[in-house]
>>> print(open('structure-v3.cif').read())   # mmCIF, C-alpha atoms (C1' of nucleotides)
data_input
loop_
_atom_site.group_PDB
_atom_site.id
_atom_site.type_symbol
_atom_site.label_atom_id
_atom_site.label_comp_id
_atom_site.auth_asym_id
_atom_site.auth_seq_id
_atom_site.Cartn_x
_atom_site.Cartn_y
_atom_site.Cartn_z
ATOM 1 C CA MET A 256 -38.260 132.413 14.317
ATOM 2 C CA PHE A 257 -37.518 131.961 10.635
ATOM 3 C CA SER A 258 -39.410 134.311 8.332
ATOM 4 C CA THR A 259 -41.620 133.390 5.404
ATOM 5 C CA LYS A 260 -38.816 134.396 3.081
ATOM 6 C CA GLY A 261 -36.612 131.557 4.226
ATOM 7 C CA ARG A 262 -39.467 129.092 4.390
ATOM 8 C CA TYR A 263 -40.871 130.030 0.987
ATOM 9 C CA ALA A 264 -37.405 129.853 -0.567
ATOM 10 C CA LEU A 265 -37.125 126.313 0.716
ATOM 11 C CA ARG A 266 -40.502 125.430 -0.776
ATOM 12 C CA VAL A 267 -39.515 126.915 -4.134
ATOM 13 C CA MET A 268 -36.325 124.865 -4.154
ATOM 14 C CA ILE A 269 -38.214 121.707 -3.208
ATOM 15 C CA ASP A 270 -40.838 122.363 -5.857
ATOM 16 C CA LEU A 271 -38.212 122.785 -8.559
ATOM 17 C CA ALA A 272 -36.404 119.651 -7.409
ATOM 18 C CA GLU A 273 -39.651 117.698 -7.565
ATOM 19 C CA GLN A 274 -40.207 118.520 -11.222
ATOM 20 C CA HIS A 275 -37.171 116.356 -12.107
ATOM 21 C CA SER A 276 -36.631 118.460 -15.194
ATOM 22 C CA ASP A 277 -33.741 120.236 -16.865
ATOM 23 C CA GLU A 278 -36.137 122.762 -18.367
ATOM 24 C CA TYR A 279 -36.795 126.152 -16.893
ATOM 25 C CA ILE A 280 -39.954 126.172 -14.782
ATOM 26 C CA PRO A 281 -42.073 129.373 -14.837
ATOM 27 C CA LEU A 282 -42.547 130.938 -11.436
ATOM 28 C CA LYS A 283 -46.257 131.140 -12.148
ATOM 29 C CA ASP A 284 -46.481 127.350 -11.964
ATOM 30 C CA VAL A 285 -44.526 127.182 -8.739
ATOM 31 C CA ALA A 286 -46.658 129.914 -7.205
ATOM 32 C CA GLU A 287 -49.855 128.073 -8.096
ATOM 33 C CA ARG A 288 -48.666 124.715 -6.832
ATOM 34 C CA GLN A 289 -47.352 126.220 -3.617
ATOM 35 C CA ASP A 290 -50.202 128.675 -3.233
ATOM 36 C CA ILE A 291 -47.937 131.650 -2.636
ATOM 37 C CA SER A 292 -48.232 135.087 -4.247
ATOM 38 C CA LYS A 293 -46.247 135.048 -7.479
ATOM 39 C CA LYS A 294 -45.216 138.660 -6.994
ATOM 40 C CA TYR A 295 -43.699 137.874 -3.634
ATOM 41 C CA LEU A 296 -41.950 134.812 -4.997
ATOM 42 C CA GLU A 297 -40.310 137.005 -7.619
ATOM 43 C CA ILE A 298 -38.410 138.786 -4.873
ATOM 44 C CA ILE A 299 -37.353 135.492 -3.365
ATOM 45 C CA ALA A 300 -36.387 133.908 -6.680
ATOM 46 C CA LYS A 301 -34.307 136.935 -7.552
ATOM 47 C CA GLU A 302 -32.327 136.559 -4.337
ATOM 48 C CA LEU A 303 -31.822 132.871 -5.013
ATOM 49 C CA VAL A 304 -30.434 133.766 -8.440
ATOM 50 C CA ASN A 305 -28.162 136.443 -6.980
ATOM 51 C CA GLY A 306 -26.929 133.881 -4.469
ATOM 52 C CA LYS A 307 -26.176 131.448 -7.326
ATOM 53 C CA LEU A 308 -28.605 128.848 -6.038
ATOM 54 C CA LEU A 309 -30.887 129.152 -9.039
ATOM 55 C CA GLU A 310 -30.593 130.124 -12.662
ATOM 56 C CA GLY A 311 -33.251 132.243 -14.341
ATOM 57 C CA ALA A 312 -34.160 132.694 -18.000
ATOM 58 C CA SER A 313 -36.532 135.236 -19.546
ATOM 59 C CA GLY A 314 -38.929 134.773 -22.426
ATOM 60 C CA LYS A 315 -41.050 131.927 -23.613
ATOM 61 C CA HIS A 316 -40.017 128.624 -22.032
ATOM 62 C CA GLY A 317 -38.176 130.695 -19.477
ATOM 63 C CA GLY A 318 -38.382 130.333 -15.728
ATOM 64 C CA TYR A 319 -36.052 129.006 -13.072
ATOM 65 C CA ARG A 320 -34.060 125.846 -12.568
ATOM 66 C CA LEU A 321 -31.591 124.378 -10.102
ATOM 67 C CA VAL A 322 -27.925 124.735 -10.905
ATOM 68 C CA ARG A 323 -26.917 121.629 -8.932
ATOM 69 C CA LYS A 324 -28.359 118.265 -7.991
ATOM 70 C CA PRO A 325 -30.729 118.402 -4.989
ATOM 71 C CA SER A 326 -28.255 116.331 -2.983
ATOM 72 C CA GLU A 327 -25.680 119.080 -3.439
ATOM 73 C CA TYR A 328 -27.703 121.813 -1.761
ATOM 74 C CA SER A 329 -27.682 122.095 2.005
ATOM 75 C CA VAL A 330 -30.792 123.404 3.687
ATOM 76 C CA GLY A 331 -28.507 125.667 5.711
ATOM 77 C CA GLU A 332 -27.140 127.572 2.762
ATOM 78 C CA ILE A 333 -30.642 128.236 1.427
ATOM 79 C CA ILE A 334 -31.957 129.535 4.732
ATOM 80 C CA GLU A 335 -28.830 131.489 5.504
ATOM 81 C CA LEU A 336 -28.931 133.212 2.134
ATOM 82 C CA MET A 337 -32.483 134.364 2.745
ATOM 83 C CA GLU A 338 -32.292 135.186 6.437
ATOM 84 C CA GLY A 339 -28.866 136.813 6.326
ATOM 85 C CA SER A 340 -27.750 134.852 9.362
ATOM 86 C CA ILE A 341 -29.056 131.957 11.389
ATOM 87 C CA ALA A 342 -27.144 132.990 14.515
ATOM 88 C CA PRO A 343 -29.289 132.822 17.665
ATOM 89 C CA VAL A 344 -28.054 136.192 18.952
ATOM 90 C CA ALA A 345 -26.881 139.319 17.165
ATOM 91 C CA CYS A 346 -23.362 139.267 18.601
ATOM 92 C CA LEU A 347 -22.643 135.940 16.858
ATOM 93 C CA ALA A 348 -23.816 137.006 13.413
ATOM 94 C CA LYS A 349 -21.163 137.377 10.730
ATOM 95 C CA ASP A 350 -19.799 140.919 10.607
ATOM 96 C CA ALA A 351 -21.248 141.776 14.012
ATOM 97 C CA ALA A 352 -19.301 144.308 16.025
ATOM 98 C CA PRO A 353 -17.212 142.487 18.645
ATOM 99 C CA CYS A 354 -19.007 142.684 21.997
ATOM 100 C CA PRO A 355 -17.121 144.719 24.609
ATOM 101 C CA LYS A 356 -18.678 142.698 27.427
ATOM 102 C CA GLU A 357 -17.736 139.336 25.955
ATOM 103 C CA LYS A 358 -15.073 138.613 28.562
ATOM 104 C CA LYS A 359 -17.521 138.812 31.460
ATOM 105 C CA CYS A 360 -20.476 137.411 29.565
ATOM 106 C CA LYS A 361 -21.944 134.319 31.194
ATOM 107 C CA THR A 362 -24.132 133.433 28.240
ATOM 108 C CA ILE A 363 -21.911 133.708 25.177
ATOM 109 C CA SER A 364 -20.558 130.185 25.382
ATOM 110 C CA MET A 365 -24.055 128.748 25.588
ATOM 111 C CA TRP A 366 -25.103 130.723 22.497
ATOM 112 C CA ARG A 367 -21.997 129.554 20.685
ATOM 113 C CA GLU A 368 -22.673 125.946 21.617
ATOM 114 C CA PHE A 369 -26.234 126.236 20.368
ATOM 115 C CA TYR A 370 -25.146 127.949 17.160
ATOM 116 C CA THR A 371 -22.785 125.068 16.433
ATOM 117 C CA LEU A 372 -25.601 122.588 16.969
ATOM 118 C CA GLU A 373 -27.985 124.543 14.769
ATOM 119 C CA HIS A 374 -25.392 125.050 12.058
ATOM 120 C CA SER A 375 -24.525 121.394 11.788
ATOM 121 C CA PHE A 376 -28.186 120.417 11.813
ATOM 122 C CA PHE A 377 -29.087 122.583 8.842
ATOM 123 C CA PHE A 378 -25.870 122.277 6.876
ATOM 124 C CA ASN A 379 -25.924 118.481 7.055
ATOM 125 C CA LYS A 380 -29.446 118.284 5.711
ATOM 126 C CA THR A 381 -29.847 118.416 1.943
ATOM 127 C CA LEU A 382 -32.596 119.447 -0.393
ATOM 128 C CA GLU A 383 -32.790 115.818 -1.486
ATOM 129 C CA ASP A 384 -33.477 114.755 2.108
ATOM 130 C CA LEU A 385 -36.514 117.040 2.114
ATOM 131 C CA VAL A 386 -37.801 115.852 -1.247
ATOM 132 C CA ASN A 387 -37.581 112.251 -0.033
ATOM 133 C CA SER A 388 -39.371 112.891 3.226
ATOM 134 C CA MET B 240 -32.858 135.429 16.482
ATOM 135 C CA PHE B 241 -33.595 135.851 20.163
ATOM 136 C CA SER B 242 -34.502 139.391 21.178
ATOM 137 C CA THR B 243 -32.875 141.520 23.844
ATOM 138 C CA LYS B 244 -35.819 140.786 26.101
ATOM 139 C CA GLY B 245 -34.934 137.128 26.388
ATOM 140 C CA ARG B 246 -31.232 137.829 26.633
ATOM 141 C CA TYR B 247 -31.610 140.571 29.218
ATOM 142 C CA ALA B 248 -33.975 138.412 31.280
ATOM 143 C CA LEU B 249 -31.309 135.744 31.376
ATOM 144 C CA ARG B 250 -28.731 138.288 32.515
ATOM 145 C CA VAL B 251 -31.048 139.541 35.247
ATOM 146 C CA MET B 252 -31.577 135.996 36.502
ATOM 147 C CA ILE B 253 -27.840 135.285 36.402
ATOM 148 C CA ASP B 254 -27.092 138.537 38.217
ATOM 149 C CA LEU B 255 -29.557 137.724 40.983
ATOM 150 C CA ALA B 256 -28.185 134.201 41.293
ATOM 151 C CA GLU B 257 -24.659 135.582 41.601
ATOM 152 C CA GLN B 258 -25.552 137.718 44.620
ATOM 153 C CA HIS B 259 -26.044 134.523 46.646
ATOM 154 C CA SER B 260 -28.498 136.348 48.861
ATOM 155 C CA ASP B 261 -31.968 135.767 50.245
ATOM 156 C CA GLU B 262 -32.562 139.534 50.384
ATOM 157 C CA TYR B 263 -34.437 141.435 47.734
ATOM 158 C CA ILE B 264 -32.057 143.096 45.269
ATOM 159 C CA PRO B 265 -33.089 146.509 43.872
ATOM 160 C CA LEU B 266 -33.365 146.597 40.102
ATOM 161 C CA LYS B 267 -31.256 149.733 40.101
ATOM 162 C CA ASP B 268 -28.250 147.688 41.219
ATOM 163 C CA VAL B 269 -28.826 145.017 38.618
ATOM 164 C CA ALA B 270 -29.227 147.641 35.903
ATOM 165 C CA GLU B 271 -25.948 149.301 36.868
ATOM 166 C CA ARG B 272 -23.988 146.065 37.063
ATOM 167 C CA GLN B 273 -25.389 144.839 33.771
ATOM 168 C CA ASP B 274 -25.305 148.251 32.111
ATOM 169 C CA ILE B 275 -28.891 148.018 30.874
ATOM 170 C CA SER B 276 -31.547 150.743 31.127
ATOM 171 C CA LYS B 277 -33.363 150.340 34.438
ATOM 172 C CA LYS B 278 -36.638 151.450 32.888
ATOM 173 C CA TYR B 279 -36.444 148.724 30.298
ATOM 174 C CA LEU B 280 -35.512 146.147 32.898
ATOM 175 C CA GLU B 281 -38.669 147.050 34.817
ATOM 176 C CA ILE B 282 -40.744 145.686 31.974
ATOM 177 C CA ILE B 283 -38.697 142.514 31.905
ATOM 178 C CA ALA B 284 -38.719 142.025 35.675
ATOM 179 C CA LYS B 285 -42.476 142.491 35.750
ATOM 180 C CA GLU B 286 -42.909 139.695 33.229
ATOM 181 C CA LEU B 287 -40.592 137.453 35.218
ATOM 182 C CA VAL B 288 -42.747 138.098 38.294
ATOM 183 C CA ASN B 289 -45.949 137.406 36.353
ATOM 184 C CA GLY B 290 -44.410 134.173 35.140
ATOM 185 C CA LYS B 291 -43.555 133.182 38.741
ATOM 186 C CA LEU B 292 -39.834 133.112 38.068
ATOM 187 C CA LEU B 293 -39.116 136.023 40.372
ATOM 188 C CA GLU B 294 -40.657 137.582 43.427
ATOM 189 C CA GLY B 295 -40.825 141.359 43.812
ATOM 190 C CA ALA B 296 -41.210 143.558 46.897
ATOM 191 C CA SER B 297 -41.854 147.294 47.047
ATOM 192 C CA GLY B 298 -40.476 149.820 49.493
ATOM 193 C CA LYS B 299 -37.165 150.221 51.232
ATOM 194 C CA HIS B 300 -35.112 147.025 51.088
ATOM 195 C CA GLY B 301 -37.413 145.948 48.308
ATOM 196 C CA GLY B 302 -36.352 144.599 44.943
ATOM 197 C CA TYR B 303 -36.381 141.197 43.321
ATOM 198 C CA ARG B 304 -35.212 137.727 44.261
ATOM 199 C CA LEU B 305 -35.268 134.203 42.906
ATOM 200 C CA VAL B 306 -38.031 131.914 44.109
ATOM 201 C CA ARG B 307 -36.021 128.729 43.519
ATOM 202 C CA LYS B 308 -32.429 127.584 43.591
ATOM 203 C CA PRO B 309 -30.494 128.409 40.396
ATOM 204 C CA SER B 310 -30.210 124.697 39.652
ATOM 205 C CA GLU B 311 -33.988 124.480 39.515
ATOM 206 C CA TYR B 312 -34.434 126.989 36.697
ATOM 207 C CA SER B 313 -34.017 125.830 33.131
ATOM 208 C CA VAL B 314 -32.724 128.346 30.627
ATOM 209 C CA GLY B 315 -35.535 127.220 28.332
ATOM 210 C CA GLU B 316 -38.336 128.299 30.626
ATOM 211 C CA ILE B 317 -36.784 131.741 31.074
ATOM 212 C CA ILE B 318 -36.345 132.339 27.358
ATOM 213 C CA GLU B 319 -39.698 130.853 26.458
ATOM 214 C CA LEU B 320 -41.491 133.061 28.958
ATOM 215 C CA MET B 321 -39.941 136.169 27.435
ATOM 216 C CA GLU B 322 -40.060 135.238 23.779
ATOM 217 C CA GLY B 323 -43.502 133.672 23.862
ATOM 218 C CA SER B 324 -42.268 130.675 21.932
ATOM 219 C CA ILE B 325 -38.924 129.320 20.836
ATOM 220 C CA ALA B 326 -40.421 127.400 17.914
ATOM 221 C CA PRO B 327 -38.421 127.847 14.702
ATOM 222 C CA VAL B 328 -41.527 128.398 12.567
ATOM 223 C CA ALA B 329 -44.907 129.923 13.354
ATOM 224 C CA CYS B 330 -46.905 126.778 12.621
ATOM 225 C CA LEU B 331 -45.168 124.932 15.478
ATOM 226 C CA ALA B 332 -45.773 127.598 18.119
ATOM 227 C CA LYS B 333 -48.178 126.757 20.892
ATOM 228 C CA ASP B 334 -51.733 127.798 20.051
ATOM 229 C CA ALA B 335 -50.889 128.197 16.375
ATOM 230 C CA ALA B 336 -53.715 127.505 13.963
ATOM 231 C CA PRO B 337 -53.286 124.013 12.501
ATOM 232 C CA CYS B 338 -51.734 124.330 9.048
ATOM 233 C CA PRO B 339 -54.067 123.171 6.240
ATOM 234 C CA LYS B 340 -51.086 122.201 4.078
ATOM 235 C CA GLU B 341 -49.394 120.098 6.730
ATOM 236 C CA LYS B 342 -50.164 116.786 5.009
ATOM 237 C CA LYS B 343 -48.280 117.741 1.856
ATOM 238 C CA CYS B 344 -45.634 119.805 3.581
ATOM 239 C CA LYS B 345 -42.102 118.561 2.904
ATOM 240 C CA THR B 346 -40.514 120.725 5.573
ATOM 241 C CA ILE B 347 -42.634 120.271 8.669
ATOM 242 C CA SER B 348 -40.844 117.177 9.906
ATOM 243 C CA MET B 349 -37.474 118.897 9.636
ATOM 244 C CA TRP B 350 -38.765 121.864 11.638
ATOM 245 C CA ARG B 351 -40.183 119.506 14.219
ATOM 246 C CA GLU B 352 -36.906 117.628 14.476
ATOM 247 C CA PHE B 353 -35.030 120.880 14.953
ATOM 248 C CA TYR B 354 -37.520 122.128 17.514
ATOM 249 C CA THR B 355 -37.019 118.971 19.556
ATOM 250 C CA LEU B 356 -33.266 119.462 19.438
ATOM 251 C CA GLU B 357 -33.553 123.107 20.436
ATOM 252 C CA HIS B 358 -36.030 122.385 23.178
ATOM 253 C CA SER B 359 -33.906 119.738 24.833
ATOM 254 C CA PHE B 360 -30.812 121.912 24.544
ATOM 255 C CA PHE B 361 -32.334 124.843 26.415
ATOM 256 C CA PHE B 362 -34.497 122.922 28.863
ATOM 257 C CA ASN B 363 -31.608 120.735 29.986
ATOM 258 C CA LYS B 364 -29.414 123.728 30.721
ATOM 259 C CA THR B 365 -29.904 125.385 34.100
ATOM 260 C CA LEU B 366 -29.282 128.836 35.471
ATOM 261 C CA GLU B 367 -26.648 127.286 37.697
ATOM 262 C CA ASP B 368 -24.809 125.972 34.637
ATOM 263 C CA LEU B 369 -24.557 129.533 33.358
ATOM 264 C CA VAL B 370 -23.408 130.988 36.660
ATOM 265 C CA ASN B 371 -20.658 128.348 36.832
ATOM 266 C CA SER B 372 -19.422 128.932 33.302
ATOM 267 C "C1'" DT C 101 -43.515 161.971 56.951
ATOM 268 C "C1'" DA C 102 -39.811 161.276 53.684
ATOM 269 C "C1'" DT C 103 -37.591 157.972 51.110
ATOM 270 C "C1'" DT C 104 -37.087 154.029 48.555
ATOM 271 C "C1'" DT C 105 -38.565 150.763 45.872
ATOM 272 C "C1'" DA C 106 -41.867 148.193 42.706
ATOM 273 C "C1'" DC C 107 -45.638 148.586 39.562
ATOM 274 C "C1'" DC C 108 -48.814 150.750 36.050
ATOM 275 C "C1'" DT C 109 -50.311 153.031 31.582
ATOM 276 C "C1'" DA C 110 -49.087 155.292 27.634
ATOM 277 C "C1'" DT C 111 -46.165 156.792 23.893
ATOM 278 C "C1'" DT C 112 -42.385 156.788 20.519
ATOM 279 C "C1'" DG C 113 -38.901 156.222 16.705
ATOM 280 C "C1'" DA C 114 -36.810 152.995 14.014
ATOM 281 C "C1'" DC C 115 -36.896 149.023 11.549
ATOM 282 C "C1'" DA C 116 -38.456 144.583 9.534
ATOM 283 C "C1'" DT C 117 -42.026 141.838 7.462
ATOM 284 C "C1'" DA C 118 -44.886 140.546 3.910
ATOM 285 C "C1'" DG C 119 -46.414 141.857 0.614
ATOM 286 C "C1'" DT C 120 -48.477 145.021 -3.888
ATOM 287 C "C1'" DA C 121 -48.124 147.955 -8.278
ATOM 288 C "C1'" DG C 122 -46.600 148.918 -12.542
ATOM 289 C "C1'" DG C 123 -43.572 148.802 -15.911
ATOM 290 C "C1'" DC C 124 -39.067 147.412 -18.709
ATOM 291 C "C1'" DA C 125 -36.089 143.854 -20.857
ATOM 292 C "C1'" DA C 126 -35.240 139.585 -22.989
ATOM 293 C "C1'" DA C 127 -36.351 135.557 -25.430
ATOM 294 C "C1'" DT C 128 -39.120 132.848 -28.463
ATOM 295 C "C1'" DA C 129 -43.045 131.400 -31.664
ATOM 296 C "C1'" DG C 130 -45.522 132.481 -35.451
ATOM 297 C "C1'" DC D 267 -41.470 142.006 -37.242
ATOM 298 C "C1'" DT D 268 -44.898 141.387 -33.969
ATOM 299 C "C1'" DA D 269 -47.266 139.317 -30.123
ATOM 300 C "C1'" DT D 270 -46.645 136.713 -26.189
ATOM 301 C "C1'" DT D 271 -44.392 134.983 -22.406
ATOM 302 C "C1'" DT D 272 -41.429 135.198 -19.085
ATOM 303 C "C1'" DG D 273 -37.922 137.273 -15.742
ATOM 304 C "C1'" DC D 274 -36.263 141.532 -13.751
ATOM 305 C "C1'" DC D 275 -36.369 146.266 -11.793
ATOM 306 C "C1'" DT D 276 -37.822 150.245 -8.875
ATOM 307 C "C1'" DA D 277 -40.845 151.920 -5.892
ATOM 308 C "C1'" DC D 278 -44.418 151.972 -2.442
ATOM 309 C "C1'" DT D 279 -47.229 150.578 1.716
ATOM 310 C "C1'" DA D 280 -49.666 148.696 5.645
ATOM 311 C "C1'" DT D 281 -48.867 146.370 9.743
ATOM 312 C "C1'" DG D 282 -46.397 144.933 13.460
ATOM 313 C "C1'" DT D 283 -42.454 144.331 16.593
ATOM 314 C "C1'" DC D 284 -38.465 146.028 19.071
ATOM 315 C "C1'" DA D 285 -36.310 148.603 22.308
ATOM 316 C "C1'" DA D 286 -36.905 151.587 24.728
ATOM 317 C "C1'" DT D 287 -38.654 156.332 27.340
ATOM 318 C "C1'" DA D 288 -41.905 159.225 30.228
ATOM 319 C "C1'" DG D 289 -44.397 160.112 34.011
ATOM 320 C "C1'" DG D 290 -46.934 158.774 37.364
ATOM 321 C "C1'" DT D 291 -49.200 155.606 41.518
ATOM 322 C "C1'" DA D 292 -48.860 152.200 45.241
ATOM 323 C "C1'" DA D 293 -46.485 149.914 48.852
ATOM 324 C "C1'" DA D 294 -43.180 149.351 52.396
ATOM 325 C "C1'" DT D 295 -39.882 150.971 55.646
ATOM 326 C "C1'" DA D 296 -36.840 154.203 58.545
#
>>> encode(input="structure-v3.cif", output="structure tokens")
Amino acid sequence: MFSTKGRYALRVMIDLAEQHSDEYIPLKDVAERQDISKKYLEIIAKELVNGKLLEGASGKHGGYRLVRKPSEYSVGEIIELMEGSIAPVACLAKDAAPCPKEKKCKTISMWREFYTLEHSFFFNKTLEDLVNS
Amino acid sequence: MFSTKGRYALRVMIDLAEQHSDEYIPLKDVAERQDISKKYLEIIAKELVNGKLLEGASGKHGGYRLVRKPSEYSVGEIIELMEGSIAPVACLAKDAAPCPKEKKCKTISMWREFYTLEHSFFFNKTLEDLVNS
DNA sequence: TATTTACCTATTGACATAGTAGGCAAATAG
DNA sequence: CTATTTGCCTACTATGTCAATAGGTAAATA
């Protein structure tokens, strides 16, 4: 189950894309439109900046803006940045310790197959697709 | 991310299927073969019995056994029983409160599309498929 | 009657989730 | 140069879930 962090991040990105503006948009506005605590969104926005998905600017007329066109963001990279990993099981997450029982494991190939499906679903969907939906 | 409960339940079911026996199999044996705490497996086995996926019997020669052929169990029903729901977001889980923002929500249809994909993946895969993999 | 098994209730430590609080730093307008 | 607006930073917290563990009771059989 994806957490609010991933889902809210997606809504922030969509909101910014919908403003069709090159200006910085204050988080306060986004928070009001999306009806999410501004304080909580600060944490999320900060992570999006650290992950180079957004650019932030302080001061008057400051705020956040996209660094690419909406069509150039995949939904997958946004969610993965926030959730850490979208792997269905811990042993498939990046930098997971290799499982000692992998050889005899009757489920690993199913998890891998599902992960591939999930990955291509989310990485082939763009922010623009969501805005136009 | 699926929890150990769902993953262990699957391993218990696979283990029982692999014994190719109509006898009851003691949980102690399953726990040793799978290298999982027997105490923890008790909780899981109990839920599988409550969900009518397994049958349990006390006393000597007691234990657990499948109530259907492996080909008649879907992986989806096993995981869903243990995890409660396999929905990717809370608002799509069964008996979730209807979301007041659904009309304006730009993400709900993507989540629904993914849920459909996920659902058909896991409900079209059987326990037998896993045993034969 | 002793043994083997499932089944039951309760508790626990560790961690993640979903925030909140309060202030500092930077940029701009006047 | 000052006030205002904004992002950015550290810290804290309540609640819940996860992954077990502990210790017993009930049922079935040899």
>>> residues_around(input="structure-v3.cif", residues="DA106 of chain C", least_positions_apart="3", cutoff="12 Å", atoms="only C-alpha atoms (C1' of nucleotides)", output="mmCIF file with C-alpha atoms (C1' of nucleotides), in the frame of the given file")
data_model
loop_
_atom_site.group_PDB
_atom_site.id
_atom_site.type_symbol
_atom_site.label_atom_id
_atom_site.label_comp_id
_atom_site.auth_asym_id
_atom_site.auth_seq_id
_atom_site.Cartn_x
_atom_site.Cartn_y
_atom_site.Cartn_z
ATOM 1 C CA TYR B 263 -34.437 141.435 47.734
ATOM 2 C CA ILE B 264 -32.057 143.096 45.269
ATOM 3 C CA PRO B 265 -33.089 146.509 43.872
ATOM 4 C CA LEU B 266 -33.365 146.597 40.102
ATOM 5 C CA LYS B 267 -31.256 149.733 40.101
ATOM 6 C CA LYS B 278 -36.638 151.450 32.888
ATOM 7 C CA LEU B 280 -35.512 146.147 32.898
ATOM 8 C CA GLU B 281 -38.669 147.050 34.817
ATOM 9 C CA ILE B 282 -40.744 145.686 31.974
ATOM 10 C CA ALA B 284 -38.719 142.025 35.675
ATOM 11 C CA LYS B 285 -42.476 142.491 35.750
ATOM 12 C CA VAL B 288 -42.747 138.098 38.294
ATOM 13 C CA GLU B 294 -40.657 137.582 43.427
ATOM 14 C CA GLY B 295 -40.825 141.359 43.812
ATOM 15 C CA ALA B 296 -41.210 143.558 46.897
ATOM 16 C CA SER B 297 -41.854 147.294 47.047
ATOM 17 C CA GLY B 298 -40.476 149.820 49.493
ATOM 18 C CA LYS B 299 -37.165 150.221 51.232
ATOM 19 C CA HIS B 300 -35.112 147.025 51.088
ATOM 20 C CA GLY B 301 -37.413 145.948 48.308
ATOM 21 C CA GLY B 302 -36.352 144.599 44.943
ATOM 22 C CA TYR B 303 -36.381 141.197 43.321
ATOM 23 C "C1'" DT D 291 -49.200 155.606 41.518
ATOM 24 C "C1'" DA D 292 -48.860 152.200 45.241
ATOM 25 C "C1'" DA D 293 -46.485 149.914 48.852
ATOM 26 C "C1'" DA D 294 -43.180 149.351 52.396
#
>>> resolve_selection(input="structure-v3.cif", expression="the PyMOL selection byres ((chain A) within 9 of (chain B))", output="short mmCIF file (atom, residue, chain, number, x, y, z; two decimals) with C-alpha atoms, in the coordinates of the input")
data_model
loop_
_atom_site.label_atom_id
_atom_site.label_comp_id
_atom_site.auth_asym_id
_atom_site.auth_seq_id
_atom_site.Cartn_x
_atom_site.Cartn_y
_atom_site.Cartn_z
CA MET A 256 -38.26 132.41 14.32
CA PHE A 257 -37.52 131.96 10.64
CA SER A 258 -39.41 134.31 8.33
CA THR A 259 -41.62 133.39 5.40
CA ARG A 262 -39.47 129.09 4.39
CA LEU A 265 -37.12 126.31 0.72
CA ARG A 266 -40.50 125.43 -0.78
CA ILE A 269 -38.21 121.71 -3.21
CA SER A 340 -27.75 134.85 9.36
CA ILE A 341 -29.06 131.96 11.39
CA ALA A 342 -27.14 132.99 14.52
CA PRO A 343 -29.29 132.82 17.66
CA VAL A 344 -28.05 136.19 18.95
CA ALA A 345 -26.88 139.32 17.16
CA CYS A 360 -20.48 137.41 29.56
CA LYS A 361 -21.94 134.32 31.19
CA THR A 362 -24.13 133.43 28.24
CA SER A 364 -20.56 130.18 25.38
CA MET A 365 -24.06 128.75 25.59
CA PHE A 369 -26.23 126.24 20.37
CA LEU A 372 -25.60 122.59 16.97
CA GLU A 373 -27.98 124.54 14.77
CA PHE A 376 -28.19 120.42 11.81
CA PHE A 377 -29.09 122.58 8.84
CA LYS A 380 -29.45 118.28 5.71
CA LEU A 385 -36.51 117.04 2.11
CA VAL A 386 -37.80 115.85 -1.25
CA ASN A 387 -37.58 112.25 -0.03
CA SER A 388 -39.37 112.89 3.23
#
>>> atom_distance(input="structure-v3.cif", atom1="atom CA of Glu262 of chain B", atom2="atom C1' of DT103 of chain C")
19.1 Å
>>> interface_residues(input="structure-v3.cif", of="chain D", to="chain A", cutoff="10 Å", atoms="only C-alpha atoms (C1' of nucleotides)", output="list of chain:residue names")
D:DT270, D:DT271, D:DT272, D:DG273, D:DC274
>>> interface_residues(input="structure-v3.cif", of="chain C", to="chain A", cutoff="7 Å", atoms="only C-alpha atoms (C1' of nucleotides)", output="PyMOL selection string")
chain C and resi 119+126-128
>>> atom_distance(input="structure-v3.cif", atom1="atom CA of Asp334 of chain B", atom2="atom CA of Ile317 of chain B")
19.0 Å
>>> atom_distance(input="structure-v3.cif", atom1="atom CA of Gly261 of chain A", atom2="atom CA of Glu335 of chain A")
7.9 Å
>>> residues_around(input="structure-v3.cif", residues="Leu336 of chain A", least_positions_apart="5", cutoff="9 Å", atoms="all atoms listed in the file", output="list in words")
Gly261, Glu302, Leu303, Gly306 and Gly331 of chain A
